[in-house]
Each structure stands twice: as structure tokens, then as C-alpha cells.
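Asks: data-v1.txt is reproduced below (compact mmCIF, N, CA and C atoms).
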# COMPACT_ATOMS: atom_id res chain seq x y z
N MET A 1 99.26 142.62 116.69
CA MET A 1 98.50 141.56 117.31
C MET A 1 97.39 141.12 116.37
N GLU A 2 97.21 139.82 116.25
CA GLU A 2 96.20 139.29 115.35
C GLU A 2 94.82 139.39 115.97
N SER A 3 93.81 139.62 115.12
CA SER A 3 92.44 139.67 115.60
C SER A 3 91.87 138.25 115.68
N MET A 4 90.73 138.12 116.35
CA MET A 4 90.07 136.82 116.44
C MET A 4 89.69 136.32 115.05
N ASP A 5 89.30 137.24 114.14
CA ASP A 5 88.96 136.82 112.78
C ASP A 5 90.16 136.20 112.08
N ASP A 6 91.36 136.81 112.29
CA ASP A 6 92.57 136.26 111.69
C ASP A 6 92.86 134.87 112.25
N LEU A 7 92.72 134.74 113.56
CA LEU A 7 92.97 133.43 114.19
C LEU A 7 91.95 132.40 113.74
N ASN A 8 90.68 132.80 113.62
CA ASN A 8 89.65 131.87 113.15
C ASN A 8 89.91 131.42 111.72
N SER A 9 90.46 132.31 110.88
CA SER A 9 90.74 131.92 109.50
C SER A 9 91.87 130.90 109.44
N ILE A 10 92.77 130.93 110.42
CA ILE A 10 93.88 129.99 110.45
C ILE A 10 93.47 128.68 111.12
N PHE A 11 92.85 128.77 112.30
CA PHE A 11 92.58 127.59 113.11
C PHE A 11 91.13 127.12 113.06
N GLY A 12 90.23 127.94 112.57
CA GLY A 12 88.81 127.60 112.60
C GLY A 12 88.17 128.12 113.87
N GLU A 13 86.85 127.95 113.97
CA GLU A 13 86.11 128.44 115.14
C GLU A 13 86.44 127.60 116.37
N VAL A 14 86.39 128.23 117.51
CA VAL A 14 86.62 127.53 118.77
C VAL A 14 85.46 126.56 118.98
N ILE A 15 85.79 125.30 119.24
CA ILE A 15 84.77 124.28 119.45
C ILE A 15 84.25 124.33 120.89
N SER A 16 85.18 124.48 121.81
CA SER A 16 84.81 124.49 123.21
C SER A 16 85.86 125.27 124.00
N ALA A 17 85.41 125.97 125.01
CA ALA A 17 86.32 126.71 125.88
C ALA A 17 85.89 126.49 127.32
N TYR A 18 86.86 126.33 128.20
CA TYR A 18 86.59 126.13 129.62
C TYR A 18 87.40 127.17 130.38
N PRO A 19 86.80 128.33 130.64
CA PRO A 19 87.55 129.41 131.27
C PRO A 19 88.02 129.05 132.68
N ARG A 20 89.10 129.66 133.08
CA ARG A 20 89.65 129.45 134.42
C ARG A 20 88.62 129.80 135.50
N ALA A 21 87.88 130.88 135.29
CA ALA A 21 86.85 131.27 136.26
C ALA A 21 85.82 130.16 136.44
N GLN A 22 85.46 129.49 135.37
CA GLN A 22 84.50 128.39 135.46
C GLN A 22 85.11 127.19 136.18
N ALA A 23 86.38 126.91 135.91
CA ALA A 23 87.06 125.81 136.60
C ALA A 23 87.15 126.07 138.10
N LEU A 24 87.37 127.33 138.49
CA LEU A 24 87.38 127.69 139.90
C LEU A 24 85.98 127.53 140.50
N ALA A 25 84.96 127.97 139.77
CA ALA A 25 83.58 127.85 140.27
C ALA A 25 83.15 126.40 140.40
N ASP A 26 83.61 125.54 139.47
CA ASP A 26 83.25 124.12 139.48
C ASP A 26 84.02 123.31 140.51
N GLY A 27 85.13 123.86 141.03
CA GLY A 27 85.96 123.11 141.96
C GLY A 27 87.04 122.27 141.28
N THR A 28 87.15 122.38 139.96
CA THR A 28 88.23 121.69 139.24
C THR A 28 89.57 122.32 139.60
N LEU A 29 89.55 123.63 139.79
CA LEU A 29 90.70 124.36 140.32
C LEU A 29 90.33 124.94 141.68
N ILE A 30 91.30 124.99 142.58
CA ILE A 30 91.09 125.55 143.91
C ILE A 30 92.00 126.76 144.06
N ASP A 31 91.39 127.90 144.33
CA ASP A 31 92.13 129.15 144.46
C ASP A 31 92.89 129.18 145.78
N VAL A 32 94.21 129.35 145.70
CA VAL A 32 95.05 129.44 146.89
C VAL A 32 95.85 130.75 146.87
N THR A 33 95.30 131.76 146.21
CA THR A 33 95.99 133.03 146.02
C THR A 33 96.37 133.70 147.34
N VAL A 34 95.47 133.69 148.31
CA VAL A 34 95.75 134.35 149.59
C VAL A 34 96.95 133.69 150.27
N GLN A 35 96.95 132.37 150.33
CA GLN A 35 98.07 131.65 150.95
C GLN A 35 99.34 131.79 150.11
N ALA A 36 99.20 131.84 148.79
CA ALA A 36 100.36 131.98 147.91
C ALA A 36 101.02 133.34 148.11
N ALA A 37 100.23 134.37 148.38
CA ALA A 37 100.79 135.69 148.63
C ALA A 37 101.68 135.67 149.87
N GLU A 38 101.31 134.87 150.87
CA GLU A 38 102.13 134.73 152.07
C GLU A 38 103.48 134.10 151.75
N ALA A 39 103.51 133.26 150.72
CA ALA A 39 104.76 132.61 150.30
C ALA A 39 105.57 133.49 149.36
N GLY A 40 104.98 134.61 148.86
CA GLY A 40 105.73 135.52 148.01
C GLY A 40 105.15 135.74 146.62
N PHE A 41 104.14 134.99 146.22
CA PHE A 41 103.55 135.16 144.89
C PHE A 41 102.83 136.50 144.79
N LYS A 42 102.90 137.11 143.61
CA LYS A 42 102.23 138.38 143.36
C LYS A 42 101.13 138.24 142.31
N VAL A 43 100.85 137.01 141.89
CA VAL A 43 99.82 136.75 140.89
C VAL A 43 98.88 135.68 141.45
N PRO A 44 97.67 135.54 140.87
CA PRO A 44 96.75 134.50 141.34
C PRO A 44 97.35 133.10 141.16
N VAL A 45 97.08 132.23 142.13
CA VAL A 45 97.60 130.86 142.11
C VAL A 45 96.44 129.90 142.40
N ALA A 46 96.41 128.80 141.67
CA ALA A 46 95.41 127.76 141.89
C ALA A 46 96.09 126.40 141.79
N VAL A 47 95.49 125.42 142.44
CA VAL A 47 95.93 124.03 142.31
C VAL A 47 94.74 123.23 141.79
N THR A 48 95.02 122.17 141.07
CA THR A 48 93.92 121.33 140.62
C THR A 48 93.35 120.57 141.81
N ALA A 49 92.12 120.11 141.66
CA ALA A 49 91.49 119.31 142.71
C ALA A 49 92.29 118.05 142.98
N ALA A 50 92.91 117.49 141.95
CA ALA A 50 93.73 116.29 142.12
C ALA A 50 94.96 116.59 142.97
N VAL A 51 95.61 117.73 142.75
CA VAL A 51 96.77 118.11 143.56
C VAL A 51 96.32 118.34 145.01
N TRP A 52 95.18 119.01 145.18
CA TRP A 52 94.68 119.23 146.54
C TRP A 52 94.50 117.88 147.25
N SER A 53 93.87 116.95 146.58
CA SER A 53 93.59 115.63 147.17
C SER A 53 94.85 114.85 147.50
N GLU A 54 95.83 114.88 146.60
CA GLU A 54 97.05 114.09 146.76
C GLU A 54 98.10 114.74 147.66
N VAL A 55 98.16 116.06 147.68
CA VAL A 55 99.27 116.75 148.33
C VAL A 55 98.85 117.54 149.57
N ILE A 56 97.67 118.14 149.54
CA ILE A 56 97.30 119.08 150.60
C ILE A 56 96.28 118.51 151.58
N ALA A 57 95.29 117.80 151.09
CA ALA A 57 94.20 117.31 151.95
C ALA A 57 94.74 116.52 153.14
N TRP A 58 94.22 116.85 154.34
CA TRP A 58 94.64 116.18 155.57
C TRP A 58 93.57 116.44 156.62
N SER A 59 93.16 115.40 157.30
CA SER A 59 92.11 115.54 158.31
C SER A 59 92.64 115.23 159.70
N ASP A 60 91.82 115.50 160.72
CA ASP A 60 92.19 115.14 162.09
C ASP A 60 92.35 113.61 162.20
N ALA A 61 91.52 112.88 161.46
CA ALA A 61 91.63 111.42 161.47
C ALA A 61 92.97 110.97 160.89
N ASP A 62 93.45 111.66 159.86
CA ASP A 62 94.77 111.34 159.30
C ASP A 62 95.85 111.58 160.35
N SER A 63 95.74 112.70 161.07
CA SER A 63 96.73 113.01 162.11
C SER A 63 96.70 111.96 163.22
N ALA A 64 95.51 111.52 163.60
CA ALA A 64 95.39 110.51 164.66
C ALA A 64 95.95 109.16 164.21
N ARG A 65 95.81 108.85 162.93
CA ARG A 65 96.23 107.56 162.39
C ARG A 65 97.72 107.53 162.04
N GLN A 66 98.30 108.65 161.64
CA GLN A 66 99.65 108.67 161.12
C GLN A 66 100.58 109.60 161.88
N ILE A 67 100.64 110.83 161.42
CA ILE A 67 101.52 111.84 161.98
C ILE A 67 100.74 113.15 161.97
N HIS A 68 100.96 113.99 162.97
CA HIS A 68 100.20 115.24 163.02
C HIS A 68 100.68 116.20 161.94
N GLN A 69 99.74 116.59 161.09
CA GLN A 69 99.95 117.62 160.06
C GLN A 69 98.63 118.35 159.90
N ASP A 70 98.64 119.42 159.13
CA ASP A 70 97.39 120.08 158.79
C ASP A 70 97.47 120.61 157.37
N GLU A 71 96.32 120.92 156.81
CA GLU A 71 96.26 121.37 155.42
C GLU A 71 97.01 122.68 155.22
N ARG A 72 96.92 123.58 156.18
CA ARG A 72 97.62 124.87 156.04
C ARG A 72 99.12 124.66 155.90
N GLY A 73 99.70 123.80 156.72
CA GLY A 73 101.13 123.52 156.65
C GLY A 73 101.52 122.80 155.37
N ARG A 74 100.69 121.85 154.95
CA ARG A 74 100.99 121.11 153.71
C ARG A 74 100.91 122.04 152.51
N LEU A 75 99.91 122.94 152.49
CA LEU A 75 99.80 123.91 151.40
C LEU A 75 100.98 124.86 151.41
N HIS A 76 101.37 125.33 152.58
CA HIS A 76 102.51 126.23 152.69
C HIS A 76 103.77 125.57 152.13
N ASP A 77 103.99 124.30 152.46
CA ASP A 77 105.17 123.58 151.94
C ASP A 77 105.17 123.57 150.42
N LEU A 78 104.03 123.25 149.82
CA LEU A 78 103.93 123.21 148.36
C LEU A 78 104.17 124.58 147.75
N LEU A 79 103.55 125.62 148.33
CA LEU A 79 103.69 126.96 147.77
C LEU A 79 105.11 127.51 147.94
N TRP A 80 105.77 127.18 149.03
CA TRP A 80 107.14 127.62 149.24
C TRP A 80 108.06 127.01 148.18
N VAL A 81 107.87 125.72 147.91
CA VAL A 81 108.64 125.04 146.86
C VAL A 81 108.34 125.70 145.51
N ALA A 82 107.06 125.96 145.24
CA ALA A 82 106.66 126.56 143.96
C ALA A 82 107.25 127.95 143.78
N PHE A 83 107.21 128.75 144.83
CA PHE A 83 107.74 130.11 144.75
C PHE A 83 109.24 130.10 144.45
N ASN A 84 109.99 129.26 145.15
CA ASN A 84 111.43 129.19 144.91
C ASN A 84 111.75 128.61 143.54
N LEU A 85 110.94 127.67 143.08
CA LEU A 85 111.12 127.13 141.74
C LEU A 85 110.92 128.23 140.70
N ALA A 86 109.86 129.00 140.85
CA ALA A 86 109.59 130.08 139.89
C ALA A 86 110.69 131.13 139.90
N ARG A 87 111.21 131.45 141.07
CA ARG A 87 112.28 132.46 141.17
C ARG A 87 113.56 132.03 140.46
N HIS A 88 113.87 130.75 140.47
CA HIS A 88 115.15 130.28 139.94
C HIS A 88 115.07 129.69 138.53
N HIS A 89 113.89 129.54 137.98
CA HIS A 89 113.73 129.00 136.63
C HIS A 89 112.96 129.98 135.77
N LYS A 90 113.56 131.10 135.50
CA LYS A 90 112.87 132.15 134.76
C LYS A 90 112.82 131.91 133.25
N ALA A 91 113.51 130.91 132.77
CA ALA A 91 113.58 130.68 131.34
C ALA A 91 112.37 129.92 130.81
N SER A 92 111.53 129.38 131.68
CA SER A 92 110.43 128.55 131.23
C SER A 92 109.15 128.91 131.98
N ASN A 93 108.02 128.74 131.30
CA ASN A 93 106.75 128.98 131.96
C ASN A 93 106.11 127.67 132.43
N ARG A 94 106.79 126.56 132.20
CA ARG A 94 106.30 125.24 132.61
C ARG A 94 107.45 124.53 133.32
N MET A 95 107.26 124.27 134.60
CA MET A 95 108.34 123.71 135.41
C MET A 95 107.89 122.43 136.11
N ALA A 96 108.63 121.36 135.90
CA ALA A 96 108.35 120.10 136.58
C ALA A 96 109.05 120.10 137.93
N VAL A 97 108.40 119.47 138.91
CA VAL A 97 108.99 119.36 140.23
C VAL A 97 108.55 118.04 140.86
N GLN A 98 109.45 117.43 141.56
CA GLN A 98 109.12 116.24 142.33
C GLN A 98 108.94 116.73 143.77
N HIS A 99 107.72 116.68 144.25
CA HIS A 99 107.38 117.19 145.59
C HIS A 99 107.21 115.99 146.53
N TYR A 100 107.77 116.11 147.73
CA TYR A 100 107.66 115.05 148.73
C TYR A 100 106.59 115.41 149.74
N ARG A 101 105.66 114.47 149.98
CA ARG A 101 104.61 114.66 150.97
C ARG A 101 104.32 113.33 151.64
N VAL A 102 103.75 113.41 152.85
CA VAL A 102 103.29 112.21 153.54
C VAL A 102 101.94 111.85 152.93
N GLN A 103 101.81 110.62 152.43
CA GLN A 103 100.57 110.19 151.83
C GLN A 103 99.53 109.89 152.89
N ARG A 104 98.28 110.19 152.58
CA ARG A 104 97.19 109.84 153.48
C ARG A 104 97.06 108.32 153.50
N GLY A 105 97.03 107.74 154.68
CA GLY A 105 96.89 106.29 154.81
C GLY A 105 98.16 105.54 154.48
N GLY A 106 99.29 106.25 154.34
CA GLY A 106 100.51 105.59 153.91
C GLY A 106 101.63 105.62 154.92
N GLY A 107 101.34 105.80 156.18
CA GLY A 107 102.40 105.86 157.18
C GLY A 107 103.00 107.25 157.26
N ALA A 108 104.12 107.36 157.95
CA ALA A 108 104.74 108.67 158.19
C ALA A 108 105.87 108.99 157.22
N ARG A 109 106.19 108.08 156.31
CA ARG A 109 107.30 108.33 155.38
C ARG A 109 106.86 109.24 154.24
N ARG A 110 107.76 110.15 153.88
CA ARG A 110 107.48 111.04 152.75
C ARG A 110 107.66 110.29 151.44
N LYS A 111 106.76 110.56 150.50
CA LYS A 111 106.84 109.94 149.18
C LYS A 111 106.76 111.02 148.11
N PRO A 112 107.44 110.81 146.99
CA PRO A 112 107.44 111.83 145.93
C PRO A 112 106.18 111.75 145.06
N ILE A 113 105.82 112.90 144.53
CA ILE A 113 104.78 112.99 143.51
C ILE A 113 105.30 113.97 142.46
N ASN A 114 105.09 113.65 141.20
CA ASN A 114 105.52 114.53 140.11
C ASN A 114 104.42 115.53 139.80
N LEU A 115 104.79 116.80 139.89
CA LEU A 115 103.87 117.90 139.64
C LEU A 115 104.44 118.81 138.58
N VAL A 116 103.60 119.68 138.05
CA VAL A 116 104.06 120.69 137.10
C VAL A 116 103.42 122.03 137.50
N MET A 117 104.23 123.06 137.46
CA MET A 117 103.75 124.41 137.71
C MET A 117 103.78 125.16 136.37
N VAL A 118 102.65 125.72 136.00
CA VAL A 118 102.53 126.45 134.74
C VAL A 118 102.21 127.90 135.04
N ILE A 119 102.99 128.80 134.46
CA ILE A 119 102.77 130.23 134.59
C ILE A 119 102.37 130.76 133.22
N GLY A 120 101.22 131.37 133.13
CA GLY A 120 100.77 131.88 131.85
C GLY A 120 99.51 132.69 132.01
N PRO A 121 98.89 133.07 130.90
CA PRO A 121 97.67 133.87 130.98
C PRO A 121 96.51 133.03 131.51
N GLY A 122 95.61 133.72 132.23
CA GLY A 122 94.38 133.07 132.68
C GLY A 122 93.29 133.36 131.67
N ASP A 123 92.17 133.88 132.13
CA ASP A 123 91.07 134.22 131.21
C ASP A 123 91.34 135.51 130.46
N ASP A 124 92.34 136.26 130.90
CA ASP A 124 92.79 137.45 130.20
C ASP A 124 94.32 137.37 130.13
N PRO A 125 94.99 138.30 129.52
CA PRO A 125 96.45 138.17 129.36
C PRO A 125 97.27 138.23 130.65
N ALA A 126 96.67 138.61 131.77
CA ALA A 126 97.42 138.72 133.02
C ALA A 126 97.92 137.34 133.45
N PRO A 127 99.14 137.26 133.99
CA PRO A 127 99.69 135.96 134.37
C PRO A 127 99.01 135.35 135.60
N VAL A 128 98.91 134.04 135.58
CA VAL A 128 98.42 133.26 136.70
C VAL A 128 99.32 132.03 136.83
N VAL A 129 99.25 131.37 137.97
CA VAL A 129 100.01 130.15 138.20
C VAL A 129 99.01 129.02 138.46
N THR A 130 99.28 127.87 137.86
CA THR A 130 98.46 126.69 138.11
C THR A 130 99.38 125.52 138.41
N TYR A 131 99.08 124.82 139.49
CA TYR A 131 99.86 123.64 139.89
C TYR A 131 99.01 122.41 139.60
N ALA A 132 99.56 121.45 138.84
CA ALA A 132 98.83 120.24 138.45
C ALA A 132 99.71 119.01 138.60
N ALA A 133 99.07 117.84 138.65
CA ALA A 133 99.81 116.59 138.65
C ALA A 133 100.33 116.37 137.24
N GLN A 134 101.48 115.77 137.15
CA GLN A 134 102.11 115.56 135.83
C GLN A 134 101.65 114.27 135.21
How does this structure look as C-alpha cells?
Replies:
Amino acid sequence: MESMDDLNSIFGEVISAYPRAQALADGTLIDVTVQAAEAGFKVPVAVTAAVWSEVIAWSDADSARQIHQDERGRLHDLLWVAFNLARHHKASNRMAVQHYRVQRGGGARRKPINLVMVIGPGDDPAPVVTYAAQ
């Protein structure tokens, strides 16, 4: 394994780093590990704030205006798709998926959104999962 000095001699000094822990603290990433464990994940899972807004966010006003749903159910749907995708695509750590969800303010019809699930190291070598818009 190469040392940081070896890597610095090849690539130069790190200009900027944004650790996963900081992204979680800032709200750029939203930790859904507890709910992901219910779907079968054994590693930490997070979604970007953009994915939360586009795919998961749902209010009582949305239910009154469109169709009754809730954030827990919408999150479960996304995580179930993600878990099955990860189980069947073991050859890659980056998987694209077209996920169907009811858009807020868009009626009751399901519409697709292109997402990507990335499995890789977080702030340390341990694997984590991150779901982002493509």
C-alpha cells in the first residue's frame, strides 16, 4: 500500500477535501442507514439532499392535493430498489437506475428520474452507499 507521501509525490498536495461526515453534518447528505437496514443493507447509506427533495420528500399538503403517500413509504421504495440492484449487480460499484416516483405537484402519475447508486469507501476504507441524482 502506498503512503500519503508517495501519493503526494505523484498527484501533489490535496487542495480541498470534503469528508462524508461533514456532508452529513451540513445536510448535503442525509443519513438513511436505519431505514436501509430494514431493507437489507449492512453498511451505512445516505442520499443526497437533491434525491431527498425529488424522490422522498412528501407532506400532508401533497397528500391532500394529489395522492396519499408518506416519506417513510417513498424512502422504503427507493431503498428496496437500491438493495435489489446492489444484490444483482456485483460487478460494479456504480449503478445507474431509473426510479419511478410521483412528483410533488405533478398529479398522481409516476414519472422516472435517473439516479446513481455508488458503493465505495467513506471517510475510511469501510464501504458505504450513496444515492445521487445522475
Asks: Quote the spacing between atom CA of Arg101 of chain A and atom N of Val128 of chain A in Å to one decimal place.
Replies: 25.4 Å
Asks: To one decimal place, how far is atom CA of Tyr100 of chain A from atom CA of Ala49 of chain A in Å?
Replies: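 Going from atom CA of Tyr100 of chain A over to atom CA of Ala49 of chain A covers 17.8 Å.
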Asks: What is the atom CA of Asn114 of chain A-atom CA of Ala96 of chain A distance in Å, reported with one decimal?
Replies: 7.2 Å
Asks: Run DSSP on the backbone and grab whatever in segment 31-133 of chain A lands in helix (DSSP H, G or I); send it over as number ranges by chain.
Replies: A: 33-39, 49-56, 60-65, 71-88
Asks: Would you list the residues near (105.7, 110.5, 147.0) (no more than 8 Å away, in the coordinates of the file, using all atoms listed in the file) as a ChimeraX atom specification?
Replies: /A:98-103,109-114
Asks: So which residues touch segment 116-118 of chain A within 6.5 Å, counting all atoms listed in the file, skipping near sequence neighbours fewer than 6 positions away, as a list in words?
Replies: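 What passes the distance filter is Asn93, Arg94, Met95, Ala96, Val97, Val128, Val129, Thr130, Tyr131, Ala132, Ala133 and Gln134 of chain A.
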Asks: Have a look at A:Ile119, A:Ile67, A:Val51, A:Ala36 and name the one nearest to Val81 of chain A; count only C-alpha atoms.
Replies: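 Using only C-alpha atoms, Val81 of chain A sits closest to A:Ala36.
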Asks: From the options A:Lys42, A:Gln35, A:Leu115, A:Lys90, which residue's atoms come nearest to Arg74 of chain A, counting only C-alpha atoms?
Replies: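 Ranked by minimum distance to Arg74 of chain A, first place goes to A:Gln35.
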Asks: Apply DSSP to the structure's backbone, then extract all residues of chain A labelled strand (DSSP E) and return them as a ChimeraX atom specification.
Replies: /A:29-31,45-48,94-102,110-121,127-133
Asks: Could you pull the residues within 7 Å of segment 27-29 of chain A, counting only N, CA and C atoms, minus those fewer than 6 positions along the same chain, as a list in words?
Replies: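 These residues fall inside the cut-off: Ala46, Val47, Thr48, Ala49 and Ala50 of chain A.
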Asks: Using all atoms listed in the file, can you list as a ChimeraX atom specification the residues within 7 Å of (107.0, 130.5, 148.5)?
Replies: /A:36,38-41,76,78-84
Asks: For each of A:Asp31, A:Gly105, A:Ala23, A:Leu85, take the minimum atom-to-atom distance to Gln66 of chain A, counting only N, CA and C atoms, then give the residue where this is smallest.
Replies: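 Closest to Gln66 of chain A of all the choices is A:Gly105.
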